[in-house]
Structure formats: C-alpha cells, structure tokens
>>> print(open('coords-v4.cif').read())   # mmCIF, C-alpha atoms and all ligand atoms
data_input
#
loop_
_atom_site.label_atom_id
_atom_site.label_comp_id
_atom_site.auth_asym_id
_atom_site.auth_seq_id
_atom_site.Cartn_x
_atom_site.Cartn_y
_atom_site.Cartn_z
CA MET A 1 -22.27 22.81 -89.08
CA SER A 2 -22.95 19.34 -87.73
CA PHE A 3 -20.73 16.43 -88.76
CA LYS A 4 -18.07 17.42 -91.26
CA THR A 5 -18.20 15.61 -94.59
CA HIS A 6 -16.00 14.86 -97.58
CA THR A 7 -17.03 13.98 -101.12
CA GLU A 8 -16.72 10.44 -102.40
CA GLY A 9 -17.14 9.44 -106.01
CA GLY A 10 -18.06 11.91 -108.70
CA SER A 11 -15.73 13.28 -111.35
CA TRP A 12 -13.96 16.50 -112.30
CA THR A 13 -17.32 17.89 -113.40
CA GLY A 14 -18.83 17.30 -109.97
CA GLY A 15 -21.26 14.83 -108.59
CA GLY A 16 -20.31 12.39 -105.85
CA THR A 17 -21.75 11.90 -102.42
CA GLU A 18 -21.15 13.81 -99.18
CA VAL A 19 -19.95 11.32 -96.54
CA PRO A 20 -19.29 12.19 -92.86
CA ASN A 21 -15.62 12.03 -91.83
CA CYS A 22 -16.72 10.32 -88.59
CA SER A 23 -17.87 6.71 -88.88
CA THR A 24 -21.33 5.59 -87.77
CA THR A 25 -19.83 4.21 -84.55
CA GLU A 26 -17.96 7.45 -83.89
CA ILE A 27 -21.06 9.56 -84.53
CA ALA A 28 -22.98 7.41 -82.05
CA ALA A 29 -20.26 7.92 -79.39
CA ILE A 30 -20.23 11.70 -79.96
CA ARG A 31 -24.04 11.90 -79.78
CA ALA A 32 -23.97 9.91 -76.53
CA ALA A 33 -21.35 12.37 -75.25
CA ILE A 34 -23.65 15.29 -76.11
CA ASN A 35 -26.45 13.61 -74.14
CA PHE A 36 -24.17 13.12 -71.11
CA TYR A 37 -22.99 16.72 -71.45
CA ASN A 38 -26.58 17.99 -71.34
CA SER A 39 -27.63 15.72 -68.48
CA SER A 40 -24.46 16.00 -66.33
CA GLY A 41 -21.76 18.33 -67.65
CA VAL A 42 -23.68 21.56 -68.11
CA PRO A 43 -25.75 21.11 -64.91
CA CYS A 44 -22.48 20.55 -63.01
CA VAL A 45 -21.06 23.87 -64.24
CA ARG A 46 -24.30 25.64 -63.33
CA SER A 47 -24.33 24.07 -59.85
CA ILE A 48 -20.85 25.37 -58.95
CA GLY A 49 -22.25 28.89 -58.58
CA GLY A 50 -20.88 32.05 -60.19
CA LEU A 51 -20.46 30.48 -63.62
CA GLU A 52 -23.92 31.19 -65.02
CA ALA A 53 -22.59 32.97 -68.13
CA LEU A 54 -20.43 29.97 -69.00
CA ALA A 55 -23.24 27.52 -68.24
CA ASN A 56 -25.58 29.49 -70.52
CA CYS A 57 -23.00 29.44 -73.31
CA LEU A 58 -22.37 25.72 -72.86
CA SER A 59 -26.08 24.91 -72.89
CA SER A 60 -26.42 26.69 -76.25
CA LYS A 61 -23.87 24.38 -77.94
CA ASN A 62 -25.15 21.43 -79.91
CA GLU A 63 -24.77 19.38 -83.06
CA ALA A 64 -26.42 22.13 -85.13
CA ASN A 65 -24.01 24.95 -84.26
CA ILE A 66 -20.68 23.11 -83.84
CA THR A 67 -18.86 21.42 -86.71
CA LEU A 68 -17.82 17.97 -85.48
CA ASP A 69 -14.92 16.13 -87.08
CA CYS A 70 -12.90 12.97 -86.43
CA ARG A 71 -9.18 12.11 -86.61
CA ASN A 72 -7.94 14.96 -88.79
CA SER A 73 -4.47 16.50 -89.05
CA THR A 74 -4.99 18.78 -86.03
CA CYS A 75 -4.91 15.76 -83.68
CA ASN A 76 -1.16 15.28 -83.24
CA GLY A 77 -1.50 13.11 -80.11
CA ALA A 78 -4.33 15.09 -78.49
CA PHE A 79 -7.67 13.66 -77.35
CA GLY A 80 -9.43 16.51 -79.09
CA THR A 81 -8.92 19.95 -80.57
CA THR A 82 -10.91 23.14 -81.13
CA ASN A 83 -10.02 25.37 -84.07
CA SER A 84 -9.62 28.39 -81.76
CA ARG A 85 -10.85 29.78 -78.43
CA GLY A 86 -14.42 30.74 -79.13
CA GLY A 87 -14.30 28.68 -82.31
CA SER A 88 -17.00 26.36 -83.57
CA GLU A 89 -15.10 23.38 -85.01
CA VAL A 90 -14.29 20.49 -82.65
CA THR A 91 -12.25 17.45 -83.67
CA PHE A 92 -12.23 14.12 -81.84
CA CYS A 93 -8.96 12.20 -82.03
CA ASP A 94 -8.04 8.56 -81.72
CA PRO A 95 -7.78 8.32 -77.88
CA ALA A 96 -11.25 9.88 -77.57
CA LEU A 97 -12.97 7.62 -80.10
CA PRO A 98 -13.92 3.96 -80.21
CA PRO A 99 -12.31 1.49 -80.29
CA SER A 100 -9.22 3.15 -78.69
CA GLY A 101 -11.23 5.29 -76.30
CA LEU A 102 -14.05 4.37 -73.94
CA GLN A 103 -17.36 6.26 -74.00
CA GLN A 104 -16.18 8.27 -70.99
CA ASP A 105 -13.13 9.41 -73.00
CA THR A 106 -15.43 10.75 -75.72
CA ASP A 107 -17.60 12.33 -73.01
CA VAL A 108 -14.84 14.21 -71.21
CA THR A 109 -13.17 15.29 -74.46
CA LEU A 110 -16.42 16.82 -75.73
CA PHE A 111 -16.87 18.70 -72.43
CA HIS A 112 -13.28 20.01 -72.53
CA GLU A 113 -13.48 21.16 -76.14
CA PHE A 114 -16.93 22.73 -75.78
CA ILE A 115 -15.50 24.87 -72.93
CA HIS A 116 -12.97 26.17 -75.46
CA THR A 117 -15.82 27.01 -77.88
CA CYS A 118 -17.20 29.19 -75.06
CA ASN A 119 -13.88 31.05 -74.89
CA GLY A 120 -12.42 29.00 -72.04
CA MET A 121 -8.64 28.76 -71.66
CA GLU A 122 -6.78 25.54 -70.84
CA LEU A 123 -7.06 26.16 -67.08
CA ASP A 124 -10.83 26.55 -67.44
CA ALA A 125 -11.21 23.39 -69.51
CA TRP A 126 -8.92 21.26 -67.32
CA ALA A 127 -10.13 22.39 -63.90
CA LEU A 128 -13.80 22.11 -64.89
CA GLU A 129 -13.38 18.64 -66.40
CA ASN A 130 -11.46 17.53 -63.28
CA HIS A 131 -14.29 18.90 -61.12
CA CYS A 132 -17.28 17.77 -63.17
CA TYR A 133 -16.05 14.52 -64.77
CA GLN A 134 -14.21 13.08 -61.76
CA GLY A 135 -14.33 9.29 -62.14
CA HIS A 136 -15.69 9.70 -65.65
CA GLY A 137 -12.63 9.82 -67.87
CA THR A 138 -10.88 12.95 -66.64
CA ILE A 139 -7.16 12.74 -65.92
CA THR A 140 -4.89 14.96 -63.84
CA PRO A 141 -3.03 17.46 -66.03
CA SER A 142 0.68 16.80 -66.55
CA ALA A 143 3.40 19.14 -65.30
CA GLY A 144 3.79 20.45 -68.82
CA VAL A 145 0.09 21.27 -69.10
CA VAL A 146 0.10 23.03 -65.71
CA ASN A 147 3.19 25.04 -66.66
CA GLY A 148 1.27 26.05 -69.77
CA PHE A 149 -1.42 27.60 -67.54
CA MET A 150 1.22 30.14 -66.42
CA GLY A 151 1.61 31.50 -69.92
CA GLU A 152 -2.09 31.79 -70.65
CA THR A 153 -3.36 33.24 -67.34
CA SER A 154 -2.61 36.74 -66.03
CA ASP A 155 -1.19 37.78 -62.65
CA ILE A 156 -3.82 39.75 -60.71
CA GLY A 157 -1.86 40.08 -57.46
CA ASN A 158 -2.24 38.38 -54.08
CA GLY A 159 -0.69 35.23 -55.52
CA LEU A 160 -3.61 34.71 -57.89
CA ARG A 161 -3.71 34.26 -61.67
CA ALA A 162 -6.86 34.74 -63.75
CA SER A 163 -8.13 32.74 -66.69
CA GLU A 164 -11.34 33.51 -68.55
CA PHE A 165 -13.62 32.05 -65.86
CA LEU A 166 -11.42 30.97 -62.93
CA LEU A 167 -8.79 32.13 -60.45
CA TRP A 168 -5.78 29.93 -59.75
CA GLU A 169 -3.35 30.07 -56.82
CA PRO A 170 -0.20 28.34 -58.14
CA ALA A 171 1.50 28.21 -54.71
CA THR A 172 -1.28 25.99 -53.31
CA GLY A 173 -2.75 24.57 -56.51
CA ARG A 174 -6.22 25.78 -55.51
CA VAL A 175 -8.73 26.87 -58.18
CA PHE A 176 -11.75 29.14 -57.62
CA VAL A 177 -14.58 30.67 -59.63
CA LYS A 178 -13.58 34.16 -60.79
CA ILE A 179 -15.97 36.76 -59.39
CA GLN A 180 -15.76 40.11 -61.15
CA SER A 181 -16.95 43.39 -59.69
CA GLY A 182 -16.64 47.02 -60.72
CA GLY A 183 -14.74 48.12 -63.78
CA SER A 184 -15.69 50.85 -66.22
CA TRP A 185 -14.22 52.76 -69.17
CA ASN A 186 -11.49 54.16 -66.93
CA SER A 187 -10.99 51.52 -64.23
CA SER A 188 -10.20 47.83 -64.16
CA PRO A 189 -12.57 45.37 -62.54
CA THR A 190 -11.73 43.70 -59.24
CA TYR A 191 -11.55 39.93 -59.09
CA THR A 192 -12.25 37.91 -55.96
CA ARG A 193 -12.37 34.20 -55.16
CA GLY A 194 -15.71 32.49 -55.59
CA ASN A 195 -16.51 28.86 -54.88
CA GLU A 196 -13.58 26.44 -54.95
CA LEU A 197 -13.30 23.67 -57.53
CA ASN A 198 -12.36 20.14 -56.56
CA VAL A 199 -9.06 19.46 -58.36
CA ASN A 200 -5.86 17.63 -57.44
CA ASN A 201 -4.16 20.59 -55.74
CA ARG A 202 -0.67 19.04 -55.74
CA ALA A 203 -0.81 18.62 -59.51
CA TYR A 204 -1.84 22.28 -59.93
CA MET A 205 1.07 23.62 -57.82
CA VAL A 206 3.78 25.78 -59.43
CA PRO A 207 6.51 25.30 -58.42
CA PRO A 208 5.71 21.63 -57.77
CA PRO A 209 5.64 20.54 -54.11
CA ALA A 210 9.01 19.66 -52.63
CA GLY A 211 9.82 15.99 -52.22
CA GLY A 212 8.05 13.14 -53.85
CA SER A 213 6.81 12.98 -57.36
CA TRP A 214 4.59 15.47 -59.07
CA ILE A 215 1.57 13.22 -58.98
ZN ZN B 1 -7.77 22.21 -74.20
#
>>> encode(input="coords-v4.cif", output="structure tokens")
Amino acid sequence: MSFKTHTEGGSWTGGGTEVPNCSTTEIAAIRAAINFYNSSGVPCVRSIGGLEALANCLSSKNEANITLDCRNSTCNGAFGTTNSRGGSEVTFCDPALPPSGLQQDTDVTLFHEFIHTCNGMELDAWALENHCYQGHGTITPSAGVVNGFMGETSDIGNGLRASEFLLWEPATGRVFVKIQSGGSWNSSPTYTRGNELNVNNRAYMVPPPAGGSWI
C-alpha cells in the first residue's frame, strides 16, 4: 500500500533501491488532495443525507490502505483510474498532476477515484464530484460519459435508473440519493428518491434536450 515503487540500481542478484513512481512534487499534490478530501470531500458526502455508508467507507480510505501510482499504462487519456470497482489501487494521470494539472485537478480526481474504491459506479463518482467539487476542478460529463451511465445503471421503473448509491432520472437529468427499504431472501428491496444532488441537469439528460447544444 501507499505510494507504488519500482527498483532502481542493483543487479541480477538483487539489491537496488525502491523509488516511488510518483515524483516528490506529485506526492505533495496527492497528499494535499487527501487533506482536502478529508476536510471538504468526505464531509460534503456526509452532509447530503442518506449516504452515511458511503461517507463511512470514504473516510476509511487513506495513504496506508490505497496503493497510489502516477502516469502508468492504465491512463490512456484519463485524469485517473482505479484498478476495479471496490479496488485499492488508484493511478493519477498527466491531466491530474503538476505541472499539467492544477491542485484542484488532483483534488477532484482523488475524490472521483476514491468513490470507485468504495464500489461507486461512474454515475456515483461523476454526480458526487459535480455536487461536492463545484468550482473546484469538476467538469460536466460529456455526452459519451452520460450515455455510459445507461449501460452501468439498472432500470427500476418509474423512469428511474439505479447506480450503487444514487437514482437517476434520464428524462430530466435529475440525480437523487438512493434510499433502500425492505428486501429479504425472497423479495427485492424498494428504492425511493432521497435528497437531490446539484448537477447540470441538461448534461445528464438522455435523450439530450431538443434544440441547442448538449452543454
Ligand atoms: Zn470514474
């Protein structure tokens, strides 16, 4: 865990030194992002209401239990990646690291990827970063990203689709906390709308609103 390293020096018999893949400057930016996450990101999720389980998971994540890497082959144009939903290896890519990225780009990327480590889907990560990091590096998801939400979420009726933590109404682009009730070994739980997140509703509409551009 912690910052991923590679070996420099040594020979075929061993030896050498373990060196972090992230530079000193990059490590400083990521540590600052963890501080912002603890002071602003996690409290924001907790303050929405109905997302206590996610907030508790997020607050448990830190440098000791996540492997942090920089600019590896998983990047492929992304700001950041997580090895899998619920995974524990997060990579920061060029646009999210100095000097290409600003501190706020590192901040919002860490928040987004840590939501994936807590089992969040893309809708969860995007809507929560739009809500919690508004004016702090978050960008509106592209049409392609929003179309991707369709494939990952499930239709629960009444025009709503469910992700791990949220409910999404594609016709209006509105996003709500997913409130679960009931459910047992022989019956499915019922999901109802909780508090609404503040996202750019037009950008979250599928199909996109008639007339004018997507954004
Ligand atoms: Zn993501």
>>> residues_around(input="coords-v4.cif", residues="Thr140 in chain A", least_positions_apart="3", cutoff="12 Å", atoms="only C-alpha atoms", output="PDB file with C-alpha atoms, in the coordinates of the input")
ATOM      1  CA  LEU A 123      -7.060  26.160 -67.080  1.00  0.00           C
ATOM      2  CA  ALA A 125     -11.210  23.390 -69.510  1.00  0.00           C
ATOM      3  CA  TRP A 126      -8.920  21.260 -67.320  1.00  0.00           C
ATOM      4  CA  ALA A 127     -10.130  22.390 -63.900  1.00  0.00           C
ATOM      5  CA  LEU A 128     -13.800  22.110 -64.890  1.00  0.00           C
ATOM      6  CA  GLU A 129     -13.380  18.640 -66.400  1.00  0.00           C
ATOM      7  CA  ASN A 130     -11.460  17.530 -63.280  1.00  0.00           C
ATOM      8  CA  HIS A 131     -14.290  18.900 -61.120  1.00  0.00           C
ATOM      9  CA  TYR A 133     -16.050  14.520 -64.770  1.00  0.00           C
ATOM     10  CA  GLN A 134     -14.210  13.080 -61.760  1.00  0.00           C
ATOM     11  CA  GLY A 135     -14.330   9.290 -62.140  1.00  0.00           C
ATOM     12  CA  GLY A 137     -12.630   9.820 -67.870  1.00  0.00           C
ATOM     13  CA  ALA A 143       3.400  19.140 -65.300  1.00  0.00           C
ATOM     14  CA  GLY A 144       3.790  20.450 -68.820  1.00  0.00           C
ATOM     15  CA  VAL A 145       0.090  21.270 -69.100  1.00  0.00           C
ATOM     16  CA  VAL A 146       0.100  23.030 -65.710  1.00  0.00           C
ATOM     17  CA  ASN A 198     -12.360  20.140 -56.560  1.00  0.00           C
ATOM     18  CA  VAL A 199      -9.060  19.460 -58.360  1.00  0.00           C
ATOM     19  CA  ASN A 200      -5.860  17.630 -57.440  1.00  0.00           C
ATOM     20  CA  ASN A 201      -4.160  20.590 -55.740  1.00  0.00           C
ATOM     21  CA  ARG A 202      -0.670  19.040 -55.740  1.00  0.00           C
ATOM     22  CA  ALA A 203      -0.810  18.620 -59.510  1.00  0.00           C
ATOM     23  CA  TYR A 204      -1.840  22.280 -59.930  1.00  0.00           C
ATOM     24  CA  TRP A 214       4.590  15.470 -59.070  1.00  0.00           C
ATOM     25  CA  ILE A 215       1.570  13.220 -58.980  1.00  0.00           C
TER      26      ILE A 215
END
>>> atom_distance(input="coords-v4.cif", atom1="CA of Thr81 in chain A", atom2="CA of Thr109 in chain A")
8.8 Å
>>> residues_near_ligand(input="coords-v4.cif", ligand="ligand ZN 1 (chain B)", cutoff="10 Å", atoms="all atoms listed in the file", output="MDAnalysis selection string")
chainID A and resid 78:82 84:85 109 111:116 120:126 145
>>> write_last_selection(input="coords-v4.cif", atoms="C-alpha atoms", output="compact mmCIF listing (two decimals), in the frame of the given file")
# COMPACT_ATOMS: atom_id res chain seq x y z
CA ALA A 78 -4.33 15.09 -78.49
CA PHE A 79 -7.67 13.66 -77.35
CA GLY A 80 -9.43 16.51 -79.09
CA THR A 81 -8.92 19.95 -80.57
CA THR A 82 -10.91 23.14 -81.13
CA SER A 84 -9.62 28.39 -81.76
CA ARG A 85 -10.85 29.78 -78.43
CA THR A 109 -13.17 15.29 -74.46
CA PHE A 111 -16.87 18.70 -72.43
CA HIS A 112 -13.28 20.01 -72.53
CA GLU A 113 -13.48 21.16 -76.14
CA PHE A 114 -16.93 22.73 -75.78
CA ILE A 115 -15.50 24.87 -72.93
CA HIS A 116 -12.97 26.17 -75.46
CA GLY A 120 -12.42 29.00 -72.04
CA MET A 121 -8.64 28.76 -71.66
CA GLU A 122 -6.78 25.54 -70.84
CA LEU A 123 -7.06 26.16 -67.08
CA ASP A 124 -10.83 26.55 -67.44
CA ALA A 125 -11.21 23.39 -69.51
CA TRP A 126 -8.92 21.26 -67.32
CA VAL A 145 0.09 21.27 -69.10
>>> atom_distance(input="coords-v4.cif", atom1="CA of Thr25 in chain A", atom2="CA of Gly101 in chain A")
12.0 Å
>>> closest_atom_pairs(input="coords-v4.cif", of="range 69-179 of chain A", to="range 32-55 of chain A", cutoff="8 Å", atoms="only C-alpha atoms", output="JSON lines")
{"residue": "A:Gln103", "atom": "CA", "partner": "A:Ala33", "partner_atom": "CA", "distance": 7.4}
{"residue": "A:Gln104", "atom": "CA", "partner": "A:Ala33", "partner_atom": "CA", "distance": 7.9}
{"residue": "A:Thr106", "atom": "CA", "partner": "A:Ala33", "partner_atom": "CA", "distance": 6.2}
{"residue": "A:Asp107", "atom": "CA", "partner": "A:Ala33", "partner_atom": "CA", "distance": 4.4}
{"residue": "A:Val108", "atom": "CA", "partner": "A:Ala33", "partner_atom": "CA", "distance": 7.9}
{"residue": "A:Leu110", "atom": "CA", "partner": "A:Ala33", "partner_atom": "CA", "distance": 6.7}
{"residue": "A:Phe111", "atom": "CA", "partner": "A:Tyr37", "partner_atom": "CA", "distance": 6.5}
{"residue": "A:Cys118", "atom": "CA", "partner": "A:Leu54", "partner_atom": "CA", "distance": 6.9}
{"residue": "A:Leu128", "atom": "CA", "partner": "A:Val45", "partner_atom": "CA", "distance": 7.5}
{"residue": "A:Cys132", "atom": "CA", "partner": "A:Cys44", "partner_atom": "CA", "distance": 5.9}
{"residue": "A:Tyr133", "atom": "CA", "partner": "A:Gly41", "partner_atom": "CA", "distance": 7.4}
{"residue": "A:Phe165", "atom": "CA", "partner": "A:Leu51", "partner_atom": "CA", "distance": 7.4}
{"residue": "A:Val177", "atom": "CA", "partner": "A:Gly50", "partner_atom": "CA", "distance": 6.5}
{"residue": "A:Lys178", "atom": "CA", "partner": "A:Gly50", "partner_atom": "CA", "distance": 7.6}
{"residue": "A:Ile179", "atom": "CA", "partner": "A:Gly50", "partner_atom": "CA", "distance": 6.9}
>>> closest_residue(input="coords-v4.cif", among="A:Pro98, A:Gly77, A:Gly10, A:Gly151", to="Thr24 in chain A", atoms="all atoms listed in the file")
A:Pro98
>>> closest_residue(input="coords-v4.cif", among="A:Ala96, A:Ala210, A:Leu102, A:Val175", to="Leu197 in chain A", atoms="all atoms listed in the file")
A:Val175
>>> atom_distance(input="coords-v4.cif", atom1="CA of Glu164 in chain A", atom2="CA of Thr138 in chain A")
20.7 Å
>>> residues_around(input="coords-v4.cif", residues="Asp94 in chain A", least_positions_apart="3", cutoff="7 Å", atoms="all atoms listed in the file", output="list in words")
Arg71, Phe79, Leu97 and Ser100 of chain A
>>> write_last_selection(input="coords-v4.cif", atoms="C-alpha atoms", output="PDB file, in the coordinates of the input")
ATOM      1  CA  ARG A  71      -9.180  12.110 -86.610  1.00  0.00           C
ATOM      2  CA  PHE A  79      -7.670  13.660 -77.350  1.00  0.00           C
ATOM      3  CA  LEU A  97     -12.970   7.620 -80.100  1.00  0.00           C
ATOM      4  CA  SER A 100      -9.220   3.150 -78.690  1.00  0.00           C
TER       5      SER A 100
END
>>> residues_around(input="coords-v4.cif", residues="Leu167 in chain A", least_positions_apart="4", cutoff="9 Å", atoms="only C-alpha atoms", output="mmCIF file with C-alpha atoms, keeping the file's coordinate frame")
data_model
loop_
_atom_site.group_PDB
_atom_site.id
_atom_site.type_symbol
_atom_site.label_atom_id
_atom_site.label_comp_id
_atom_site.auth_asym_id
_atom_site.auth_seq_id
_atom_site.Cartn_x
_atom_site.Cartn_y
_atom_site.Cartn_z
ATOM 1 C CA THR A 153 -3.360 33.240 -67.340
ATOM 2 C CA LEU A 160 -3.610 34.710 -57.890
ATOM 3 C CA ARG A 161 -3.710 34.260 -61.670
ATOM 4 C CA ALA A 162 -6.860 34.740 -63.750
ATOM 5 C CA SER A 163 -8.130 32.740 -66.690
ATOM 6 C CA ARG A 174 -6.220 25.780 -55.510
ATOM 7 C CA VAL A 175 -8.730 26.870 -58.180
ATOM 8 C CA PHE A 176 -11.750 29.140 -57.620
ATOM 9 C CA VAL A 177 -14.580 30.670 -59.630
ATOM 10 C CA LYS A 178 -13.580 34.160 -60.790
ATOM 11 C CA ILE A 179 -15.970 36.760 -59.390
ATOM 12 C CA TYR A 191 -11.550 39.930 -59.090
ATOM 13 C CA THR A 192 -12.250 37.910 -55.960
ATOM 14 C CA ARG A 193 -12.370 34.200 -55.160
ATOM 15 C CA GLY A 194 -15.710 32.490 -55.590
#
>>> residues_around(input="coords-v4.cif", residues="range 14-23 of chain A", least_positions_apart="5", cutoff="10 Å", atoms="all atoms listed in the file", output="PyMOL selection string")
chain A and resi 2-9+28-30+68-72+91-92+97-98
>>> closest_residue(input="coords-v4.cif", among="A:Gly87, A:Pro208, A:Pro141, A:Pro95", to="Thr117 in chain A", atoms="only C-alpha atoms")
A:Gly87
>>> closest_residue(input="coords-v4.cif", among="A:Asn65, A:Gly182, A:Ser187, A:Thr172", to="Gly159 in chain A", atoms="all atoms listed in the file")
A:Thr172
